[in-house]
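The structure file upload_28.cif is reproduced below (mmCIF, C-alpha atoms and all ligand atoms).
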```cif
data_work
loop_
_atom_site.label_atom_id
_atom_site.label_comp_id
_atom_site.auth_asym_id
_atom_site.auth_seq_id
_atom_site.Cartn_x
_atom_site.Cartn_y
_atom_site.Cartn_z
CA MET A 26 -19.24 9.57 0.44
CA ASN A 27 -18.01 11.28 3.59
CA ILE A 28 -14.43 10.76 4.55
CA GLU A 29 -15.18 8.91 7.84
CA THR A 30 -17.31 6.36 5.95
CA PHE A 31 -14.51 6.02 3.42
CA TYR A 32 -11.92 5.20 6.08
CA ASP A 33 -14.27 2.91 8.06
CA ASN A 34 -14.92 0.79 4.96
CA LEU A 35 -11.29 0.87 3.93
CA TRP A 36 -10.09 -0.28 7.37
CA GLN A 37 -12.65 -3.13 7.49
CA ASP A 38 -11.58 -4.45 4.10
CA TYR A 39 -7.92 -4.00 5.06
CA ILE A 40 -8.09 -5.94 8.35
CA ASN A 41 -10.01 -8.74 6.63
CA MET A 42 -6.99 -9.08 4.35
CA THR A 43 -4.44 -8.24 7.06
CA PRO A 44 -5.25 -9.83 10.43
CA GLN A 45 -1.79 -8.87 11.72
CA ALA A 46 -2.71 -5.18 11.42
CA GLU A 47 -5.70 -5.54 13.72
CA ALA A 48 -3.56 -7.47 16.22
CA ILE A 49 -0.83 -4.80 16.17
CA ALA A 50 -3.34 -1.92 16.48
CA ASP A 51 -5.10 -3.73 19.36
CA ALA A 52 -1.80 -4.30 21.15
CA LEU A 53 -1.04 -0.57 20.98
CA LYS A 54 -4.54 0.41 22.11
CA SER A 55 -4.37 -1.99 25.06
CA ARG A 56 -1.28 -0.05 26.18
CA GLY A 57 -3.30 3.16 26.07
CA GLU A 58 -1.81 4.37 22.79
CA GLN A 59 -3.72 6.43 20.25
CA VAL A 60 -3.45 4.82 16.81
CA LEU A 61 -3.49 7.52 14.12
CA ASN A 62 -2.67 6.92 10.47
CA ASP A 63 0.17 8.69 8.68
CA HIS A 64 -0.95 7.49 5.25
CA VAL A 65 -2.67 4.74 3.27
CA ALA A 66 -1.60 3.46 -0.15
CA PHE A 67 -3.15 2.05 -3.31
CA ARG A 68 -1.75 0.32 -6.40
CA THR A 69 -3.11 0.31 -9.93
CA PHE A 70 -2.29 -0.27 -13.63
CA ASN A 71 -1.78 2.69 -16.01
CA ILE A 72 -4.27 1.31 -18.58
CA GLY A 73 -8.04 0.97 -18.98
CA PRO A 74 -10.48 2.80 -16.69
CA ILE A 75 -8.33 2.46 -13.51
CA ARG A 76 -5.34 4.66 -14.41
CA LEU A 77 -4.01 6.93 -11.66
CA LYS A 78 -5.70 9.83 -13.42
CA ASP A 79 -9.04 7.96 -13.37
CA LEU A 80 -8.82 7.22 -9.63
CA GLU A 81 -7.33 10.53 -8.51
CA PRO A 82 -10.62 12.49 -8.86
CA PHE A 83 -12.18 10.38 -6.06
CA ILE A 84 -9.30 11.41 -3.80
CA LEU A 85 -9.49 15.08 -4.77
CA HIS A 86 -13.28 14.97 -4.28
CA MET A 87 -12.73 14.10 -0.60
CA GLY A 88 -10.74 17.31 -0.24
CA TYR A 89 -7.22 15.98 -0.81
CA THR A 90 -4.54 18.03 -2.60
CA ARG A 91 -2.03 16.55 -5.00
CA TYR A 92 1.45 17.02 -3.52
CA GLU A 93 4.53 15.42 -5.13
CA PRO A 94 5.26 12.92 -7.92
CA TYR A 95 7.64 9.98 -7.45
CA ASN A 96 9.24 7.68 -10.02
CA PHE A 97 10.56 4.14 -9.51
CA PRO A 98 12.52 3.23 -12.65
CA ALA A 99 13.43 -0.35 -11.65
CA LYS A 100 9.91 -1.19 -10.51
CA LYS A 101 8.34 0.63 -13.53
CA LEU A 102 6.08 2.70 -11.30
CA ASP A 103 4.85 6.27 -11.06
CA ALA A 104 3.24 7.63 -7.91
CA TYR A 105 1.77 10.72 -6.30
CA GLY A 106 1.39 11.76 -2.69
CA TYR A 107 -1.79 13.58 -1.60
CA ILE A 108 -2.28 15.86 1.40
CA PRO A 109 -5.49 15.46 3.45
CA PRO A 110 -7.99 18.23 4.11
CA ARG A 111 -7.46 17.86 7.89
CA ASP A 112 -4.36 17.09 9.97
CA ASP A 113 -6.01 14.13 11.73
CA LEU A 114 -6.59 12.29 8.42
CA PRO A 115 -4.03 10.11 6.61
CA ARG A 116 -2.07 11.23 3.57
CA ILE A 117 -2.60 9.05 0.46
CA PHE A 118 0.08 7.40 -1.70
CA LEU A 119 -1.22 6.26 -5.09
CA SER A 120 1.04 4.40 -7.52
CA GLU A 121 0.54 2.88 -10.98
CA LEU A 122 2.51 0.34 -13.02
CA ARG A 123 3.77 1.42 -16.45
CA VAL A 124 2.35 -1.65 -18.19
CA GLU A 125 3.98 -0.78 -21.52
CA GLU A 126 7.41 -1.43 -19.96
CA LEU A 127 6.61 -5.12 -19.29
CA SER A 128 7.38 -7.91 -21.77
CA ASP A 129 4.77 -8.62 -24.46
CA ASN A 130 3.69 -11.72 -22.60
CA ALA A 131 3.20 -10.00 -19.24
CA GLN A 132 1.46 -7.07 -20.95
CA ALA A 133 -0.96 -9.48 -22.62
CA ILE A 134 -1.84 -11.03 -19.24
CA VAL A 135 -2.45 -7.64 -17.63
CA ARG A 136 -4.46 -6.36 -20.62
CA ARG A 137 -6.70 -9.45 -20.48
CA LEU A 138 -7.53 -8.62 -16.87
CA VAL A 139 -8.08 -4.90 -17.38
CA ASP A 140 -10.21 -5.49 -20.50
CA GLN A 141 -12.79 -7.20 -18.29
CA ILE A 142 -13.43 -4.14 -16.12
CA ASP A 143 -16.95 -2.75 -16.32
CA PRO A 144 -16.36 1.04 -16.41
CA SER A 145 -19.57 1.56 -14.42
CA ASP A 146 -17.77 -0.07 -11.44
CA ILE A 147 -15.48 2.97 -11.29
CA LYS A 148 -17.99 5.52 -10.03
CA ASP A 149 -16.93 6.59 -6.56
CA ALA A 150 -14.30 6.09 -3.85
CA SER A 151 -15.68 2.62 -3.02
CA VAL A 152 -13.51 1.44 -5.91
CA PHE A 153 -10.65 1.53 -3.38
CA TRP A 154 -11.92 -1.58 -1.57
CA ARG A 155 -13.48 -3.43 -4.49
CA GLY A 156 -10.68 -5.97 -4.99
CA PRO A 157 -10.10 -7.51 -8.44
CA LEU A 158 -12.51 -6.10 -11.05
CA TRP A 159 -11.73 -9.12 -13.27
CA GLU A 160 -11.69 -12.89 -13.16
CA VAL A 161 -8.48 -13.72 -11.29
CA PRO A 162 -5.57 -15.19 -13.31
CA SER A 163 -4.35 -18.78 -13.28
CA TYR A 164 -1.44 -19.65 -10.99
CA GLU A 165 0.82 -19.94 -14.07
CA GLU A 166 -0.10 -16.43 -15.20
CA TYR A 167 0.42 -15.11 -11.67
CA GLN A 168 3.91 -16.62 -11.60
CA GLU A 169 4.74 -15.21 -15.04
CA LEU A 170 3.78 -11.77 -13.79
CA ALA A 171 5.75 -12.25 -10.56
CA ASP A 172 8.90 -13.10 -12.57
CA GLU A 173 8.80 -9.55 -14.00
CA SER A 174 6.87 -7.46 -11.55
CA GLU A 175 5.88 -8.54 -8.06
CA TYR A 176 3.59 -5.49 -8.06
CA ALA A 177 1.73 -6.72 -11.17
CA ALA A 178 1.32 -10.21 -9.70
CA TRP A 179 0.04 -8.81 -6.41
CA LEU A 180 -2.42 -6.47 -8.12
CA SER A 181 -3.71 -9.25 -10.39
CA VAL A 182 -5.02 -11.23 -7.40
CA ILE A 183 -5.60 -8.63 -4.66
CA GLY A 184 -7.02 -5.94 -6.94
CA LEU A 185 -7.90 -2.41 -5.98
CA ARG A 186 -7.81 -2.13 -2.21
CA CYS A 187 -5.70 -0.49 0.46
CA ASN A 188 -2.31 -2.23 0.46
CA HIS A 189 -1.27 -0.72 3.78
CA PHE A 190 -2.28 1.58 6.57
CA THR A 191 0.60 3.35 8.32
CA ILE A 192 0.84 4.08 12.02
CA ASN A 193 1.83 7.63 12.86
CA VAL A 194 4.71 6.96 15.27
CA ASN A 195 4.91 10.67 16.25
CA ALA A 196 1.49 10.25 17.92
CA LEU A 197 2.60 7.32 20.12
CA ASN A 198 3.67 8.00 23.70
CA GLN A 199 5.59 4.91 24.79
CA ILE A 200 7.14 4.05 21.43
CA ASN A 201 9.65 6.57 20.15
CA GLY A 202 11.05 5.10 17.00
CA ILE A 203 10.62 2.69 14.13
CA GLU A 204 12.88 0.01 15.62
CA GLU A 205 10.71 -0.06 18.76
CA MET A 206 7.70 -0.69 16.49
CA ASN A 207 9.63 -3.43 14.69
CA ALA A 208 10.39 -5.05 18.06
CA LEU A 209 6.69 -4.98 19.01
CA VAL A 210 5.78 -6.59 15.67
CA GLU A 211 8.22 -9.43 16.33
CA GLU A 212 7.08 -9.81 19.93
CA LEU A 213 3.57 -10.37 18.56
CA GLY A 214 4.93 -13.06 16.22
CA PHE A 215 4.90 -11.15 12.91
CA LYS A 216 7.74 -10.49 10.46
CA VAL A 217 9.52 -7.24 9.66
CA ASN A 218 10.40 -6.25 6.06
CA GLU A 219 14.19 -6.07 6.19
CA SER A 220 14.75 -5.09 2.55
CA GLY A 221 16.81 -1.90 2.58
CA GLY A 222 17.28 -2.27 6.36
CA ARG A 223 14.81 -2.52 9.22
CA VAL A 224 14.55 1.27 9.41
CA LYS A 225 14.35 3.08 6.08
CA GLY A 226 15.20 6.78 5.77
CA SER A 227 16.69 8.97 8.50
CA PRO A 228 16.15 12.24 10.34
CA ALA A 229 18.25 13.87 7.58
CA VAL A 230 15.61 13.03 4.95
CA LEU A 231 12.90 14.00 7.49
CA LEU A 232 11.16 10.60 7.35
CA GLU A 233 11.87 7.20 8.92
CA GLN A 234 9.77 4.17 7.99
CA GLY A 235 9.44 0.48 8.72
CA SER A 236 6.89 -2.16 7.80
CA THR A 237 5.79 -5.72 8.37
CA LYS A 238 6.02 -8.45 5.78
CA ALA A 239 2.52 -8.76 4.34
CA SER A 240 0.04 -11.26 5.72
CA VAL A 241 -0.14 -14.49 3.70
CA MET A 242 -3.40 -16.26 2.80
CA PRO A 243 -4.45 -19.22 0.67
CA PHE A 244 -5.92 -17.99 -2.61
CA THR A 245 -7.98 -19.85 -5.22
CA PHE A 246 -6.66 -19.14 -8.71
CA LYS A 247 -8.56 -19.50 -11.98
CA GLY A 248 -8.82 -23.24 -12.63
CA GLY A 249 -9.09 -24.00 -8.91
CA ALA A 250 -5.44 -24.28 -7.82
CA VAL A 251 -4.92 -22.98 -4.27
CA HIS A 252 -1.64 -21.32 -3.29
CA ASP A 253 -0.54 -18.87 -0.62
CA VAL A 254 -0.30 -15.22 -1.68
CA SER A 255 0.86 -12.05 0.06
CA THR A 256 -2.02 -9.76 0.95
CA CYS A 257 -1.38 -6.47 2.72
CA TYR A 258 1.07 -5.10 5.30
CA TYR A 259 1.29 -2.51 8.08
CA GLU A 260 3.73 0.41 7.98
CA PHE A 261 5.14 2.75 10.64
CA ALA A 262 6.28 6.30 9.89
CA LYS A 263 8.04 8.94 11.95
CA ARG A 264 8.25 12.46 10.51
CA TYR A 265 10.64 15.30 11.35
CA LEU A 266 10.44 19.10 11.13
CA ASP A 267 12.12 20.84 8.20
CA ASP A 268 14.34 23.95 8.48
CA GLU A 269 11.26 26.19 8.60
CA GLY A 270 9.77 24.18 11.46
CA ASN A 271 7.11 22.48 9.31
CA LEU A 272 6.46 18.76 9.55
CA TYR A 273 7.72 16.98 6.41
CA GLN A 274 4.73 15.99 4.23
CA GLY A 275 6.33 14.03 1.40
CA PHE A 276 7.52 10.48 0.83
CA VAL A 277 11.13 9.35 0.17
CA ALA A 278 11.56 7.47 -3.10
CA ALA A 279 14.63 5.47 -1.97
CA SER A 280 12.72 4.20 1.09
CA ALA A 281 9.46 3.63 -0.78
CA ASP A 282 11.34 1.51 -3.31
CA LYS A 283 12.08 -0.98 -0.51
CA ILE A 284 8.71 -0.69 1.23
CA PHE A 285 7.05 -1.96 -1.96
CA GLU A 286 8.87 -5.24 -1.26
CA SER A 287 6.75 -5.81 1.87
CA THR A 288 4.43 -7.88 -0.36
CA ASP A 289 7.26 -9.85 -2.01
CA MET A 290 7.06 -13.48 -0.84
CA ARG A 291 10.06 -14.51 -2.93
CA ASN A 292 12.32 -12.20 -1.01
CA SER A 293 11.72 -12.98 2.65
C1 LIG A 301 3.73 1.51 -1.56
C2 LIG A 301 5.18 1.50 -1.09
C3 LIG A 301 5.72 2.88 -0.72
C4 LIG A 301 5.81 4.58 1.25
O1 LIG A 301 5.28 4.97 2.30
O2 LIG A 301 6.85 5.09 0.81
C5 LIG A 301 5.19 3.42 0.55
C6 LIG A 301 3.19 0.17 -1.94
O3 LIG A 301 3.62 -0.86 -1.41
O4 LIG A 301 2.27 0.13 -2.77
O5 LIG A 301 4.24 2.94 1.10
NI NI A 302 3.66 3.71 2.82
#
```

Let's see the structure in the file written out as structure tokens.
Ligand code: OOG
Ligand code: NI
Amino acid sequence: MNIETFYDNLWQDYINMTPQAEAIADALKSRGEQVLNDHVAFRTFNIGPIRLKDLEPFILHMGYTRYEPYNFPAKKLDAYGYIPPRDDLPRIFLSELRVEELSDNAQAIVRRLVDQIDPSDIKDASVFWRGPLWEVPSYEEYQELADESEYAAWLSVIGLRCNHFTINVNALNQINGIEEMNALVEELGFKVNESGGRVKGSPAVLLEQGSTKASVMPFTFKGGAVHDVSTCYYEFAKRYLDDEGNLYQGFVAASADKIFESTDMRNS
């Protein structure tokens, strides 16, 4: 699949899940701004046929290069950043949950989901907008997961799909910083993720980031119960030059740790 088709499909699936993102992008475009993406991100489980190392080949096949690993001890996550083959394309952030670190009960719920995956569904990069590859859990199971890992609960209902696009703030003309993006988000009636502060990172770590709180939608759980769930969010990133004059390409674990909470409905 060519990379433009990949991003067209990914964006369509993403704005279906995240109407606020389309509204924010449209507001920028109507002011004459060029909306480029700094990065996109995906979440997965480290078991079955959807481990990070099973999904990574689809990213490498599009010409991406593996860059840096990141570890999130409290959230039980591992991640990698990937550098695109061209400067106008987004970086990719791919994380996976260390399922073996969950309680036996939560592990059993996750394993029941992953056991249902048909490995032939994992054949190309379209896996990144396929959603849940399993029958969704009951609301009780979802809540049990959320008690231990908001990431696991989110992934159990939203499945494999882009969990955020990220506006490249360096490419905007009238907006100079993350807080100006936050203000626009609020002006449009959407919420900012304030966990870890409204602006995460600093020029000293060469990356500043902010994000919305994820869109919320009614979701039908196994058994028919309907409850609101967090879907996906929009992020904003501003990068700085390092001592050699190169634009910083990595992520910042301390900031990422808080950006994950953009999908956390219990903490808003
Ligand atoms: C990813 C959170 C981290 C970043 O740019 O540091 C992140 C996620 O929510 O899955 O996006
Ligand atoms: Ni991000």

Give me the residues of chain A that have any atom at most 6 Å from an atom of ligand LIG 301 (chain A); for each, the nearest atom pair and the distance in Å, rounded to one decimal. Use all atoms listed in the file, sort by chain and number, and format it as JSON lines.
```
{"residue": "A:Ala66", "atom": "CA", "partner": "A:LIG301", "partner_atom": "O4", "distance": 5.7}
{"residue": "A:Phe67", "atom": "CA", "partner": "A:LIG301", "partner_atom": "O4", "distance": 5.8}
{"residue": "A:Arg68", "atom": "CA", "partner": "A:LIG301", "partner_atom": "O4", "distance": 5.4}
{"residue": "A:Phe276", "atom": "CA", "partner": "A:LIG301", "partner_atom": "O2", "distance": 5.4}
{"residue": "A:Ser280", "atom": "CA", "partner": "A:LIG301", "partner_atom": "O2", "distance": 5.9}
{"residue": "A:Ala281", "atom": "CA", "partner": "A:LIG301", "partner_atom": "O2", "distance": 3.4}
{"residue": "A:Ile284", "atom": "CA", "partner": "A:LIG301", "partner_atom": "C2", "distance": 4.8}
{"residue": "A:Phe285", "atom": "CA", "partner": "A:LIG301", "partner_atom": "O3", "distance": 3.6}
```

Given 12 Å and all atoms listed in the file, residues near ligand NI 302 (chain A) as a PyMOL selection string: chain A and resi 62-68+104-106+115-120+187-193+225+232-237+257-263+275-278+280-287

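Minimum atom-to-atom distance to Leu272 (chain A), evaluated using only C-alpha atoms, belongs to A:Asp112 out of A:Asp112, A:Glu166, A:Arg291, A:Ile200.
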
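Pairwise distance (CA of Lys247 (chain A), CA of Pro162 (chain A)) equals 5.4 Å.
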
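Those residues that approach Arg136 (chain A) to within 10 Å, counting all atoms listed in the file, are A:Phe70, A:Ile72, A:Gly73, A:Val124, A:Asn130, A:Ala131, A:Gln132, A:Asp140, A:Gln141; same-chain residues fewer than 4 positions away are not listed.
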
Choose the residue, out of A:Glu125, A:Asn198, A:Asp103, A:Met87, that has the smallest atom-to-atom separation from Gln59 (chain A); count only C-alpha atoms.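 For Gln59 (chain A), the nearest of the given residues is A:Asn198.
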
Compare A:Ser174, A:Asn195, A:Ser181, A:Thr245 by their minimum atom-to-atom distance to Asp289 (chain A), counting only C-alpha atoms, and give me the closest one. A:Ser174

Go through A:Gly156, A:Gly214, A:Gly88, A:Gly226 and flag the residue nearest Ala48 (chain A), using only C-alpha atoms for the distances.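 That would be A:Gly214, the residue with the smallest distance to Ala48 (chain A).
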
Rounded to one decimal place, report the CA of Tyr167 (chain A)-CA of Glu219 (chain A) distance in Å.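 Going from CA of Tyr167 (chain A) over to CA of Glu219 (chain A), I get 24.3 Å.
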
For Phe31 (chain A), which residue out of A:Phe153, A:Tyr95, A:Tyr107, A:Tyr273 is the nearest one, using only C-alpha atoms?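 Counting only C-alpha atoms, the residue closest to Phe31 (chain A) is A:Phe153.
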
What's around Ser240 (chain A) at 8 Å? Count only C-alpha atoms, leave out sequence neighbours fewer than 3 positions away in its own chain, and write the answer as an MDAnalysis selection string. chainID A and resid 42:45 255:258

Residue with smallest distance to Asp38 (chain A) - pool A:Ile183, A:Tyr164, A:Glu205, A:Ile108, counting all atoms listed in the file: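 Closest to Asp38 (chain A), using all atoms listed in the file: A:Ile183.
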
Residues near Lys216 (chain A), cut-off 8 Å, all atoms listed in the file, skip fewer than 3 positions along chain, as number ranges by chain: A: 210-211, 237-238

As an exercise, work out the distance from CA of Ser163 (chain A) to CA of Gly248 (chain A) in Å and give it to one decimal place. 6.3 Å

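Residues within 12 Å of Glu126 (chain A), counting all atoms listed in the file and excluding same-chain residues fewer than 6 positions away, are Phe70, Asn71, Pro98, Ala99, Lys100, Lys101, Leu102, Gln132, Ala133, Val135, Glu173, Ser174 and Ala177 of chain A.
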
Fewer than 3 positions away in the same chain doesn't count, so skip those; otherwise give me all residues within 7 Å of Leu231 (chain A), counting all atoms listed in the file, as a ChimeraX atom specification. /A:227-228,264-267,273

Could you please fill out region 147-169 of chain A with N, CA and C atoms and send it back as a PDB file, keeping the file's coordinate frame?
```
ATOM      1  N   ILE A 147     -16.450   1.948 -11.734  1.00  0.00           N
ATOM      2  CA  ILE A 147     -15.480   2.970 -11.290  1.00  0.00           C
ATOM      3  C   ILE A 147     -16.254   4.274 -11.112  1.00  0.00           C
ATOM      4  N   LYS A 148     -17.124   4.333 -10.110  1.00  0.00           N
ATOM      5  CA  LYS A 148     -17.990   5.520 -10.030  1.00  0.00           C
ATOM      6  C   LYS A 148     -17.780   6.361  -8.788  1.00  0.00           C
ATOM      7  N   ASP A 149     -17.207   5.790  -7.753  1.00  0.00           N
ATOM      8  CA  ASP A 149     -16.930   6.590  -6.560  1.00  0.00           C
ATOM      9  C   ASP A 149     -15.774   5.955  -5.781  1.00  0.00           C
ATOM     10  N   ALA A 150     -15.493   6.511  -4.603  1.00  0.00           N
ATOM     11  CA  ALA A 150     -14.300   6.090  -3.850  1.00  0.00           C
ATOM     12  C   ALA A 150     -14.399   4.654  -3.334  1.00  0.00           C
ATOM     13  N   SER A 151     -15.585   4.023  -3.446  1.00  0.00           N
ATOM     14  CA  SER A 151     -15.680   2.620  -3.020  1.00  0.00           C
ATOM     15  C   SER A 151     -14.838   1.711  -3.910  1.00  0.00           C
ATOM     16  N   VAL A 152     -14.391   2.218  -5.039  1.00  0.00           N
ATOM     17  CA  VAL A 152     -13.510   1.440  -5.910  1.00  0.00           C
ATOM     18  C   VAL A 152     -12.230   1.024  -5.154  1.00  0.00           C
ATOM     19  N   PHE A 153     -11.891   1.783  -4.102  1.00  0.00           N
ATOM     20  CA  PHE A 153     -10.650   1.530  -3.380  1.00  0.00           C
ATOM     21  C   PHE A 153     -10.727   0.336  -2.419  1.00  0.00           C
ATOM     22  N   TRP A 154     -11.909  -0.310  -2.308  1.00  0.00           N
ATOM     23  CA  TRP A 154     -11.920  -1.580  -1.570  1.00  0.00           C
ATOM     24  C   TRP A 154     -12.691  -2.643  -2.359  1.00  0.00           C
ATOM     25  N   ARG A 155     -12.699  -2.508  -3.678  1.00  0.00           N
ATOM     26  CA  ARG A 155     -13.480  -3.430  -4.490  1.00  0.00           C
ATOM     27  C   ARG A 155     -12.740  -4.736  -4.803  1.00  0.00           C
ATOM     28  N   GLY A 156     -11.424  -4.754  -4.654  1.00  0.00           N
ATOM     29  CA  GLY A 156     -10.680  -5.970  -4.990  1.00  0.00           C
ATOM     30  C   GLY A 156     -10.554  -6.108  -6.499  1.00  0.00           C
ATOM     31  N   PRO A 157     -10.289  -7.336  -6.993  1.00  0.00           N
ATOM     32  CA  PRO A 157     -10.100  -7.510  -8.440  1.00  0.00           C
ATOM     33  C   PRO A 157     -11.406  -7.242  -9.196  1.00  0.00           C
ATOM     34  N   LEU A 158     -11.328  -6.435 -10.219  1.00  0.00           N
ATOM     35  CA  LEU A 158     -12.510  -6.100 -11.050  1.00  0.00           C
ATOM     36  C   LEU A 158     -12.518  -7.002 -12.276  1.00  0.00           C
ATOM     37  N   TRP A 159     -11.894  -8.176 -12.153  1.00  0.00           N
ATOM     38  CA  TRP A 159     -11.730  -9.120 -13.270  1.00  0.00           C
ATOM     39  C   TRP A 159     -11.695 -10.536 -12.698  1.00  0.00           C
ATOM     40  N   GLU A 160     -11.894 -11.506 -13.570  1.00  0.00           N
ATOM     41  CA  GLU A 160     -11.690 -12.890 -13.160  1.00  0.00           C
ATOM     42  C   GLU A 160     -10.207 -13.066 -12.854  1.00  0.00           C
ATOM     43  N   VAL A 161      -9.885 -13.645 -11.690  1.00  0.00           N
ATOM     44  CA  VAL A 161      -8.480 -13.720 -11.290  1.00  0.00           C
ATOM     45  C   VAL A 161      -7.693 -14.605 -12.265  1.00  0.00           C
ATOM     46  N   PRO A 162      -6.383 -14.403 -12.372  1.00  0.00           N
ATOM     47  CA  PRO A 162      -5.570 -15.190 -13.310  1.00  0.00           C
ATOM     48  C   PRO A 162      -5.339 -16.613 -12.818  1.00  0.00           C
ATOM     49  N   SER A 163      -4.797 -17.444 -13.696  1.00  0.00           N
ATOM     50  CA  SER A 163      -4.350 -18.780 -13.280  1.00  0.00           C
ATOM     51  C   SER A 163      -3.051 -18.626 -12.484  1.00  0.00           C
ATOM     52  N   TYR A 164      -2.690 -19.691 -11.768  1.00  0.00           N
ATOM     53  CA  TYR A 164      -1.440 -19.650 -10.990  1.00  0.00           C
ATOM     54  C   TYR A 164      -0.238 -19.473 -11.915  1.00  0.00           C
ATOM     55  N   GLU A 165      -0.295 -20.073 -13.113  1.00  0.00           N
ATOM     56  CA  GLU A 165       0.820 -19.940 -14.070  1.00  0.00           C
ATOM     57  C   GLU A 165       0.978 -18.472 -14.502  1.00  0.00           C
ATOM     58  N   GLU A 166      -0.159 -17.839 -14.797  1.00  0.00           N
ATOM     59  CA  GLU A 166      -0.100 -16.430 -15.200  1.00  0.00           C
ATOM     60  C   GLU A 166       0.439 -15.551 -14.068  1.00  0.00           C
ATOM     61  N   TYR A 167      -0.026 -15.857 -12.858  1.00  0.00           N
ATOM     62  CA  TYR A 167       0.420 -15.110 -11.670  1.00  0.00           C
ATOM     63  C   TYR A 167       1.946 -15.218 -11.529  1.00  0.00           C
ATOM     64  N   GLN A 168       2.467 -16.426 -11.728  1.00  0.00           N
ATOM     65  CA  GLN A 168       3.910 -16.620 -11.600  1.00  0.00           C
ATOM     66  C   GLN A 168       4.679 -15.911 -12.720  1.00  0.00           C
ATOM     67  N   GLU A 169       4.088 -15.923 -13.930  1.00  0.00           N
ATOM     68  CA  GLU A 169       4.740 -15.210 -15.040  1.00  0.00           C
ATOM     69  C   GLU A 169       4.821 -13.714 -14.737  1.00  0.00           C
TER      70      GLU A 169
END
```
